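With compact mmCIF, C-alpha atoms inside, this is structure14.txt:
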```txt
# COMPACT_ATOMS: atom_id res chain seq x y z
CA MET A 1 11.18 -9.65 -32.49
CA THR A 2 9.87 -7.37 -29.76
CA SER A 3 12.17 -4.78 -28.27
CA ASN A 4 10.44 -4.95 -24.89
CA ILE A 5 11.70 -8.21 -23.44
CA ARG A 6 11.71 -7.10 -19.81
CA PRO A 7 8.72 -8.13 -17.67
CA LEU A 8 6.24 -5.39 -16.79
CA ALA A 9 5.27 -4.33 -13.27
CA VAL A 10 2.53 -1.91 -12.22
CA VAL A 11 3.09 0.09 -9.03
CA THR A 12 0.50 2.43 -7.52
CA GLY A 13 1.21 5.13 -4.98
CA ALA A 14 4.69 5.30 -6.47
CA SER A 15 5.46 9.00 -6.09
CA SER A 16 7.26 8.57 -2.75
CA GLY A 17 7.63 6.37 0.31
CA ILE A 18 7.01 2.64 0.17
CA GLY A 19 5.52 2.78 -3.33
CA TYR A 20 8.54 4.54 -4.79
CA GLU A 21 10.88 2.08 -3.10
CA LEU A 22 8.82 -0.84 -4.41
CA ALA A 23 9.24 0.62 -7.90
CA ARG A 24 12.99 0.79 -7.34
CA GLN A 25 12.98 -2.87 -6.30
CA CYS A 26 11.18 -3.70 -9.54
CA VAL A 27 13.81 -1.87 -11.59
CA ALA A 28 16.64 -3.59 -9.70
CA HIS A 29 15.07 -6.95 -10.53
CA GLY A 30 14.76 -6.24 -14.25
CA TYR A 31 11.19 -4.98 -14.62
CA ASP A 32 9.91 -2.15 -16.76
CA LEU A 33 7.22 -0.08 -15.10
CA VAL A 34 3.85 1.55 -15.26
CA ILE A 35 3.58 3.76 -12.18
CA ALA A 36 0.73 5.89 -10.91
CA ALA A 37 -0.03 8.27 -8.07
CA ASP A 38 -2.24 11.29 -7.43
CA GLU A 39 0.66 13.70 -6.82
CA PRO A 40 2.64 15.62 -9.47
CA SER A 41 5.87 14.30 -7.94
CA VAL A 42 5.15 10.93 -9.58
CA HIS A 43 6.67 12.44 -12.76
CA ASP A 44 9.90 13.20 -10.89
CA ALA A 45 9.90 9.64 -9.56
CA ALA A 46 9.52 8.34 -13.10
CA GLU A 47 12.53 10.33 -14.30
CA THR A 48 14.68 8.97 -11.49
CA LEU A 49 13.56 5.40 -12.20
CA ARG A 50 14.33 5.81 -15.89
CA GLY A 51 17.82 6.87 -14.85
CA GLU A 52 18.17 3.53 -13.07
CA GLY A 53 17.62 1.67 -16.32
CA ALA A 54 13.89 1.02 -16.71
CA THR A 55 11.33 2.02 -19.28
CA VAL A 56 8.70 3.85 -17.23
CA ASP A 57 5.19 4.84 -18.25
CA VAL A 58 3.78 7.31 -15.72
CA LEU A 59 0.26 8.44 -14.89
CA GLN A 60 -0.92 11.07 -12.46
CA ALA A 61 -4.47 10.10 -11.53
CA ASP A 62 -6.81 9.83 -8.57
CA LEU A 63 -7.06 6.07 -8.05
CA SER A 64 -10.00 6.52 -5.67
CA THR A 65 -12.16 7.03 -8.75
CA VAL A 66 -13.43 4.61 -11.36
CA ALA A 67 -12.12 6.92 -14.06
CA GLY A 68 -8.64 6.99 -12.51
CA VAL A 69 -8.39 3.20 -12.24
CA ASP A 70 -9.75 2.71 -15.74
CA GLN A 71 -7.26 5.25 -17.08
CA LEU A 72 -4.42 3.32 -15.45
CA TYR A 73 -5.66 0.02 -16.82
CA GLY A 74 -5.96 1.60 -20.24
CA ARG A 75 -2.29 2.59 -20.09
CA LEU A 76 -1.40 -1.09 -20.11
CA ALA A 77 -2.73 -1.30 -23.67
CA GLY A 78 -3.04 -5.06 -23.49
CA ARG A 79 0.51 -5.59 -22.30
CA ARG A 80 1.08 -8.60 -20.08
CA VAL A 81 1.60 -7.62 -16.43
CA GLU A 82 3.89 -9.92 -14.48
CA ALA A 83 3.67 -8.05 -11.16
CA LEU A 84 1.04 -5.76 -9.67
CA LEU A 85 2.11 -3.87 -6.56
CA ALA A 86 -1.08 -2.26 -5.24
CA ASN A 87 0.29 0.26 -2.78
CA ALA A 88 -1.86 3.39 -3.18
CA GLY A 89 -3.28 4.43 0.17
CA HIS A 90 -4.55 7.44 2.08
CA GLY A 91 -4.76 8.09 5.82
CA LEU A 92 -6.87 10.44 7.89
CA GLY A 93 -6.38 11.39 11.52
CA GLY A 94 -8.73 12.91 14.07
CA ALA A 95 -12.07 11.97 15.59
CA PHE A 96 -14.46 10.38 13.10
CA LEU A 97 -17.41 12.61 14.00
CA ASP A 98 -15.28 15.68 13.36
CA GLN A 99 -13.97 14.58 9.97
CA ASP A 100 -15.22 15.90 6.64
CA PHE A 101 -17.10 13.04 5.02
CA ASP A 102 -15.68 13.78 1.58
CA GLU A 103 -12.24 13.09 3.07
CA VAL A 104 -13.55 9.96 4.76
CA ARG A 105 -14.96 8.75 1.47
CA HIS A 106 -11.67 9.43 -0.29
CA VAL A 107 -9.84 7.21 2.20
CA ILE A 108 -12.32 4.38 1.68
CA ASP A 109 -12.37 4.73 -2.08
CA THR A 110 -8.56 4.88 -2.35
CA ASN A 111 -7.74 2.10 0.09
CA ILE A 112 -10.58 -0.25 -0.78
CA THR A 113 -12.70 0.54 -3.84
CA GLY A 114 -9.99 1.68 -6.22
CA THR A 115 -7.58 -0.99 -5.01
CA ILE A 116 -9.91 -3.92 -5.53
CA ARG A 117 -11.16 -2.58 -8.87
CA LEU A 118 -7.59 -2.55 -10.17
CA LEU A 119 -6.92 -5.94 -8.63
CA GLN A 120 -9.94 -7.43 -10.37
CA LYS A 121 -9.00 -6.01 -13.77
CA VAL A 122 -5.33 -6.97 -13.70
CA GLY A 123 -5.96 -10.18 -11.74
CA ARG A 124 -8.34 -11.47 -14.41
CA ASP A 125 -5.64 -11.01 -17.03
CA MET A 126 -3.07 -12.76 -14.85
CA ARG A 127 -5.40 -15.69 -14.24
CA ALA A 128 -6.07 -16.00 -17.97
CA ASN A 129 -2.30 -16.00 -18.60
CA GLY A 130 -1.69 -18.55 -15.84
CA SER A 131 0.97 -16.47 -14.09
CA GLY A 132 1.57 -13.29 -12.13
CA ARG A 133 2.54 -11.87 -8.77
CA ILE A 134 0.36 -9.53 -6.72
CA LEU A 135 1.64 -7.54 -3.74
CA ILE A 136 -0.98 -5.65 -1.73
CA THR A 137 0.12 -3.11 0.87
CA GLY A 138 -2.01 -3.74 3.93
CA SER A 139 -0.93 -2.70 7.41
CA ILE A 140 -0.53 -3.92 10.96
CA ALA A 141 -3.15 -1.21 11.60
CA GLY A 142 -5.66 -3.75 10.35
CA TYR A 143 -5.19 -5.68 13.59
CA ILE A 144 -5.91 -2.71 15.84
CA PRO A 145 -9.07 -0.61 16.39
CA GLY A 146 -7.81 2.82 15.31
CA THR A 147 -8.98 5.35 17.84
CA PHE A 148 -8.59 8.76 16.13
CA GLN A 149 -7.72 6.86 12.95
CA ALA A 150 -10.84 4.72 12.79
CA VAL A 151 -11.57 4.80 9.08
CA TYR A 152 -8.00 4.14 7.98
CA ASN A 153 -7.53 1.17 10.32
CA GLY A 154 -10.89 -0.19 9.24
CA THR A 155 -9.90 -0.04 5.57
CA LYS A 156 -6.66 -1.85 6.30
CA ALA A 157 -8.52 -4.58 8.20
CA PHE A 158 -10.50 -5.06 4.99
CA VAL A 159 -7.37 -5.11 2.82
CA ASP A 160 -5.54 -7.58 5.07
CA SER A 161 -8.53 -9.94 5.08
CA PHE A 162 -9.27 -9.52 1.38
CA SER A 163 -5.71 -10.42 0.40
CA PHE A 164 -5.91 -13.82 2.08
CA ALA A 165 -9.29 -14.56 0.51
CA LEU A 166 -8.04 -13.62 -2.96
CA ARG A 167 -4.93 -15.73 -2.44
CA ALA A 168 -7.08 -18.74 -1.59
CA GLU A 169 -9.32 -18.19 -4.62
CA LEU A 170 -6.25 -18.10 -6.89
CA LYS A 171 -4.71 -21.28 -5.49
CA ASP A 172 -3.20 -23.39 -8.28
CA SER A 173 -3.87 -20.63 -10.85
CA GLY A 174 -0.24 -19.62 -11.22
CA VAL A 175 -1.00 -16.25 -9.62
CA THR A 176 0.34 -15.50 -6.14
CA VAL A 177 -0.99 -12.90 -3.70
CA THR A 178 1.16 -11.43 -0.93
CA CYS A 179 0.07 -8.93 1.72
CA LEU A 180 2.75 -6.55 3.00
CA MET A 181 1.88 -5.30 6.48
CA PRO A 182 4.14 -2.44 7.56
CA GLY A 183 3.96 -0.44 10.74
CA ALA A 184 4.60 3.30 11.01
CA THR A 185 7.01 4.19 8.18
CA GLU A 186 8.92 7.39 7.40
CA THR A 187 6.79 8.65 4.51
CA ASN A 188 4.45 11.55 3.68
CA PHE A 189 1.58 9.55 5.15
CA PHE A 190 1.38 11.36 8.49
CA ALA A 191 1.59 14.82 6.97
CA ARG A 192 -1.17 14.03 4.48
CA ALA A 193 -3.27 12.52 7.28
CA ASP A 194 -2.80 15.67 9.45
CA MET A 195 -1.16 13.61 12.19
CA LEU A 196 2.16 15.38 12.71
CA ASP A 197 1.10 16.51 16.20
CA THR A 198 0.47 12.95 17.38
CA ALA A 199 2.77 10.62 19.27
CA VAL A 200 2.98 8.21 16.33
CA GLY A 201 3.52 11.11 13.93
CA GLN A 202 6.53 12.29 15.92
CA ALA A 203 7.99 8.87 16.78
CA ASP A 204 10.89 7.15 15.03
CA LYS A 205 9.64 5.15 12.08
CA ASP A 206 10.77 2.38 9.75
CA ASP A 207 12.80 3.07 6.61
CA PRO A 208 10.55 2.74 3.53
CA ALA A 209 13.40 1.16 1.55
CA ASP A 210 13.68 -1.63 4.13
CA VAL A 211 9.91 -2.12 4.19
CA ALA A 212 9.76 -2.29 0.39
CA LYS A 213 12.59 -4.83 0.17
CA THR A 214 10.91 -7.01 2.77
CA GLY A 215 7.64 -6.94 0.84
CA PHE A 216 9.22 -7.40 -2.58
CA ASP A 217 11.25 -10.39 -1.46
CA ALA A 218 8.13 -11.95 0.06
CA MET A 219 6.29 -11.42 -3.22
CA LEU A 220 9.05 -13.17 -5.14
CA ARG A 221 8.87 -16.10 -2.72
CA GLY A 222 5.11 -16.24 -3.07
CA ASP A 223 4.50 -15.78 0.65
CA GLY A 224 0.95 -15.11 1.80
CA ASP A 225 1.89 -12.25 4.08
CA ILE A 226 4.84 -10.49 5.63
CA VAL A 227 5.05 -8.09 8.56
CA SER A 228 8.02 -5.75 8.17
CA GLY A 229 10.25 -5.46 11.24
CA TRP A 230 10.46 -7.51 14.41
CA LYS A 231 8.76 -4.84 16.54
CA ASN A 232 5.76 -4.85 14.23
CA THR A 233 5.73 -8.66 14.22
CA LEU A 234 5.62 -8.62 18.01
CA GLN A 235 2.88 -5.97 17.98
CA THR A 236 0.65 -8.05 15.69
CA ALA A 237 1.19 -11.13 17.84
CA LEU A 238 0.18 -9.22 20.97
CA ALA A 239 -2.79 -7.66 19.19
CA SER A 240 -4.13 -11.11 18.39
CA VAL A 241 -4.52 -11.91 22.11
CA THR A 242 -5.34 -8.47 23.52
CA PRO A 243 -8.98 -7.38 24.05
CA SER A 244 -10.16 -4.93 21.40
CA GLY A 245 -11.19 -2.34 23.99
CA LEU A 246 -7.68 -2.25 25.42
CA LEU A 247 -6.16 -2.02 21.93
CA ALA A 248 -8.42 0.93 21.16
CA GLU A 249 -7.24 2.76 24.30
CA GLN A 250 -3.61 2.04 23.49
CA HIS A 251 -4.16 3.45 20.00
CA ARG A 252 -5.63 6.60 21.53
CA LYS A 253 -2.27 7.31 23.17
CA MET A 254 -0.54 7.13 19.80
CA ALA A 255 -3.03 8.89 17.53
CA GLU A 256 -5.04 11.39 19.59
CA PRO A 257 -4.48 14.91 18.26
CA GLY A 258 -1.88 16.68 20.44
CA SER A 259 -0.56 13.42 21.88
CA GLY A 260 2.89 14.22 20.51
CA SER A 261 3.27 17.16 22.84
CA LYS A 262 1.80 15.14 25.72
CA SER A 263 4.40 12.41 25.27
CA GLN A 264 7.15 15.01 25.50
CA GLY A 265 5.72 16.83 28.47
```

Any chance you could put this one into structure tokens?
Amino acid sequence: MTSNIRPLAVVTGASSGIGYELARQCVAHGYDLVIAADEPSVHDAAETLRGEGATVDVLQADLSTVAGVDQLYGRLAGRRVEALLANAGHGLGGAFLDQDFDEVRHVIDTNITGTIRLLQKVGRDMRANGSGRILITGSIAGYIPGTFQAVYNGTKAFVDSFSFALRAELKDSGVTVTCLMPGATETNFFARADMLDTAVGQADKDDPADVAKTGFDAMLRGDGDIVSGWKNTLQTALASVTPSGLLAEQHRKMAEPGSGSKSQG
């Protein structure tokens, strides 16, 4: 008789913010965890989650790399994964032509390449088992041309689209795919993206615990997508009928470097 009778969930980007709160949702719903992030604080997160009653295997790794994703997959050691919450993401502010391309590449490889590599590896196992739940953290940014955040918004447009395609491919397989699309959330995202001097960086933001609960509940229901918060829902609806050029100019006002001080002046 096995001693590990709790289902297993994998959460990436779990050191803080939405990812950490998703991990807490998993624990509250009876899952044990494998969590990963590229920051040392993921070990502190693991200790806290263990205190809430879960068995937690933790990995600090750069999930933008093939080696990092393969190391995470190796940690599963053949264990059956019931839920994969692919939340790892990286932002980058400023004008594209002024950005360091190594940083640009890291955003793309974290948000897209590493994410879909992990999804393919774990998703194949889920399909073979005939069951599993996948939650992918996209963003309402995927609906909006991201002036002064062009690469990030572009990656999220990919993730949002990819999630629906994967969901359709897995129809009737027993595996569900849900895309969580938050708006600006109170996390370390804006500091890491060097966007604290922008209007969006200084604005009031959503609570990551609320965002995580919204996404987790949608995953349990098997919904295709969920936008967290009524303001974000309204914004995505308007974005669907607004010309892209106008959306790009509106985004400039939120994300242009120094726009935070302009909005206060």

Distance in Å - CA of His106 (chain A) versus CA of Ser64 (chain A):
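These atoms are spaced 6.3 Å apart.
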
Can you list, as a CSV table (one decimal) with C-alpha atoms, keeping the file's coordinate frame, every protein, DNA or RNA residue that comes within 10 Å of region 149-164 of chain A when you count only C-alpha atoms, leaving out same-chain residues fewer than 2 positions away?
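Produced file around_22.csv, reproduced below:
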```csv
chain,number,residue,atom,x,y,z
A,89,GLY,CA,-3.3,4.4,0.2
A,90,HIS,CA,-4.6,7.4,2.1
A,91,GLY,CA,-4.8,8.1,5.8
A,92,LEU,CA,-6.9,10.4,7.9
A,93,GLY,CA,-6.4,11.4,11.5
A,94,GLY,CA,-8.7,12.9,14.1
A,95,ALA,CA,-12.1,12.0,15.6
A,96,PHE,CA,-14.5,10.4,13.1
A,104,VAL,CA,-13.6,10.0,4.8
A,105,ARG,CA,-15.0,8.8,1.5
A,107,VAL,CA,-9.8,7.2,2.2
A,108,ILE,CA,-12.3,4.4,1.7
A,109,ASP,CA,-12.4,4.7,-2.1
A,110,THR,CA,-8.6,4.9,-2.4
A,111,ASN,CA,-7.7,2.1,0.1
A,112,ILE,CA,-10.6,-0.2,-0.8
A,113,THR,CA,-12.7,0.5,-3.8
A,115,THR,CA,-7.6,-1.0,-5.0
A,116,ILE,CA,-9.9,-3.9,-5.5
A,134,ILE,CA,0.4,-9.5,-6.7
A,135,LEU,CA,1.6,-7.5,-3.7
A,136,ILE,CA,-1.0,-5.6,-1.7
A,137,THR,CA,0.1,-3.1,0.9
A,138,GLY,CA,-2.0,-3.7,3.9
A,139,SER,CA,-0.9,-2.7,7.4
A,140,ILE,CA,-0.5,-3.9,11.0
A,141,ALA,CA,-3.2,-1.2,11.6
A,142,GLY,CA,-5.7,-3.8,10.4
A,143,TYR,CA,-5.2,-5.7,13.6
A,144,ILE,CA,-5.9,-2.7,15.8
A,145,PRO,CA,-9.1,-0.6,16.4
A,146,GLY,CA,-7.8,2.8,15.3
A,147,THR,CA,-9.0,5.4,17.8
A,166,LEU,CA,-8.0,-13.6,-3.0
A,167,ARG,CA,-4.9,-15.7,-2.4
A,168,ALA,CA,-7.1,-18.7,-1.6
A,169,GLU,CA,-9.3,-18.2,-4.6
A,170,LEU,CA,-6.2,-18.1,-6.9
A,177,VAL,CA,-1.0,-12.9,-3.7
A,178,THR,CA,1.2,-11.4,-0.9
A,179,CYS,CA,0.1,-8.9,1.7
A,180,LEU,CA,2.8,-6.6,3.0
A,181,MET,CA,1.9,-5.3,6.5
A,193,ALA,CA,-3.3,12.5,7.3
A,195,MET,CA,-1.2,13.6,12.2
A,224,GLY,CA,1.0,-15.1,1.8
A,225,ASP,CA,1.9,-12.2,4.1
A,248,ALA,CA,-8.4,0.9,21.2
A,251,HIS,CA,-4.2,3.4,20.0
A,252,ARG,CA,-5.6,6.6,21.5
A,254,MET,CA,-0.5,7.1,19.8
A,255,ALA,CA,-3.0,8.9,17.5
A,256,GLU,CA,-5.0,11.4,19.6
```

With only C-alpha atoms counted, which protein, DNA or RNA residues have an atom no more than 7 Å from (4.7, 7.4, -11.2) in the file frame? Please answer as a ChimeraX atom specification.
/A:14-15,35-37,42-43,45-46,58-60

Could you put an axis-aligned box around every listed atom of region 70-73 of chain A, padded by 8 Å on each side, and send me its centre and edge lengths in Å to one decimal, as JSON?
```
{"center_x": -7.1, "center_y": 2.6, "center_z": -16.3, "size_x": 21.3, "size_y": 21.2, "size_z": 17.6}
```

Pick from A:Val122, A:Ile18, A:Leu247, A:Leu234: nearest to Arg79 (chain A), with all atoms listed in the file counted?
A:Val122

What is the distance, in Å and to one decimal place, between CA of Arg50 (chain A) and CA of Gln120 (chain A)?
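Computed distance, CA of Arg50 (chain A) to CA of Gln120 (chain A), equals 28.2 Å.
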
Report the distance between CA of Thr236 (chain A) and CA of Phe190 (chain A) in Å, rounded to one decimal place.
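For CA of Thr236 (chain A) relative to CA of Phe190 (chain A), the distance reads 20.7 Å.
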
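Proximity ranking of A:Glu52, A:Glu186, A:Asp57, A:Glu47 relative to Val11 (chain A) places A:Asp57 first, based on only C-alpha atoms.
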
So, with all atoms listed in the file as the atoms that count, which of A:Ala199, A:Lys231, A:Phe101, A:Phe216 lies closest to Val27 (chain A)?
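Looking at the shortest contact to Val27 (chain A), the residue is A:Phe216.
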
Against region 204-210 of chain A, which residues of region 96-200 of chain A fall within 8 Å? For each one I want the closest pair of atoms and the distance in Å (one decimal), counting all atoms listed in the file, rows by chain and increasing residue number, as a Markdown table.
```
| residue | atom | partner | partner_atom | distance |
| --- | --- | --- | --- | --- |
| A:Gly183 | CA | A:Asp206 | CA | 7.4 |
| A:Ala184 | CA | A:Lys205 | CA | 5.5 |
| A:Thr185 | CA | A:Asp206 | CA | 4.5 |
| A:Glu186 | CA | A:Lys205 | CA | 5.2 |
| A:Thr187 | CA | A:Pro208 | CA | 7.1 |
```

Which residue of A:Val69, A:Ala203, A:Leu22, A:Val81 approaches Ala128 (chain A) most closely, using all atoms listed in the file
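Smallest separation from Ala128 (chain A) among the options: A:Val81.
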
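Each of A:Thr12, A:Gly51, A:Val66, A:Ala165 was checked against Ala88 (chain A) using all atoms listed in the file; the smallest atom-to-atom distance is that of A:Thr12.
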
From the list A:Val10, A:Leu97, A:Ala212, A:Leu63, which residue is nearest Gly114 (chain A) when using all atoms listed in the file?
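Closest candidate: A:Leu63.
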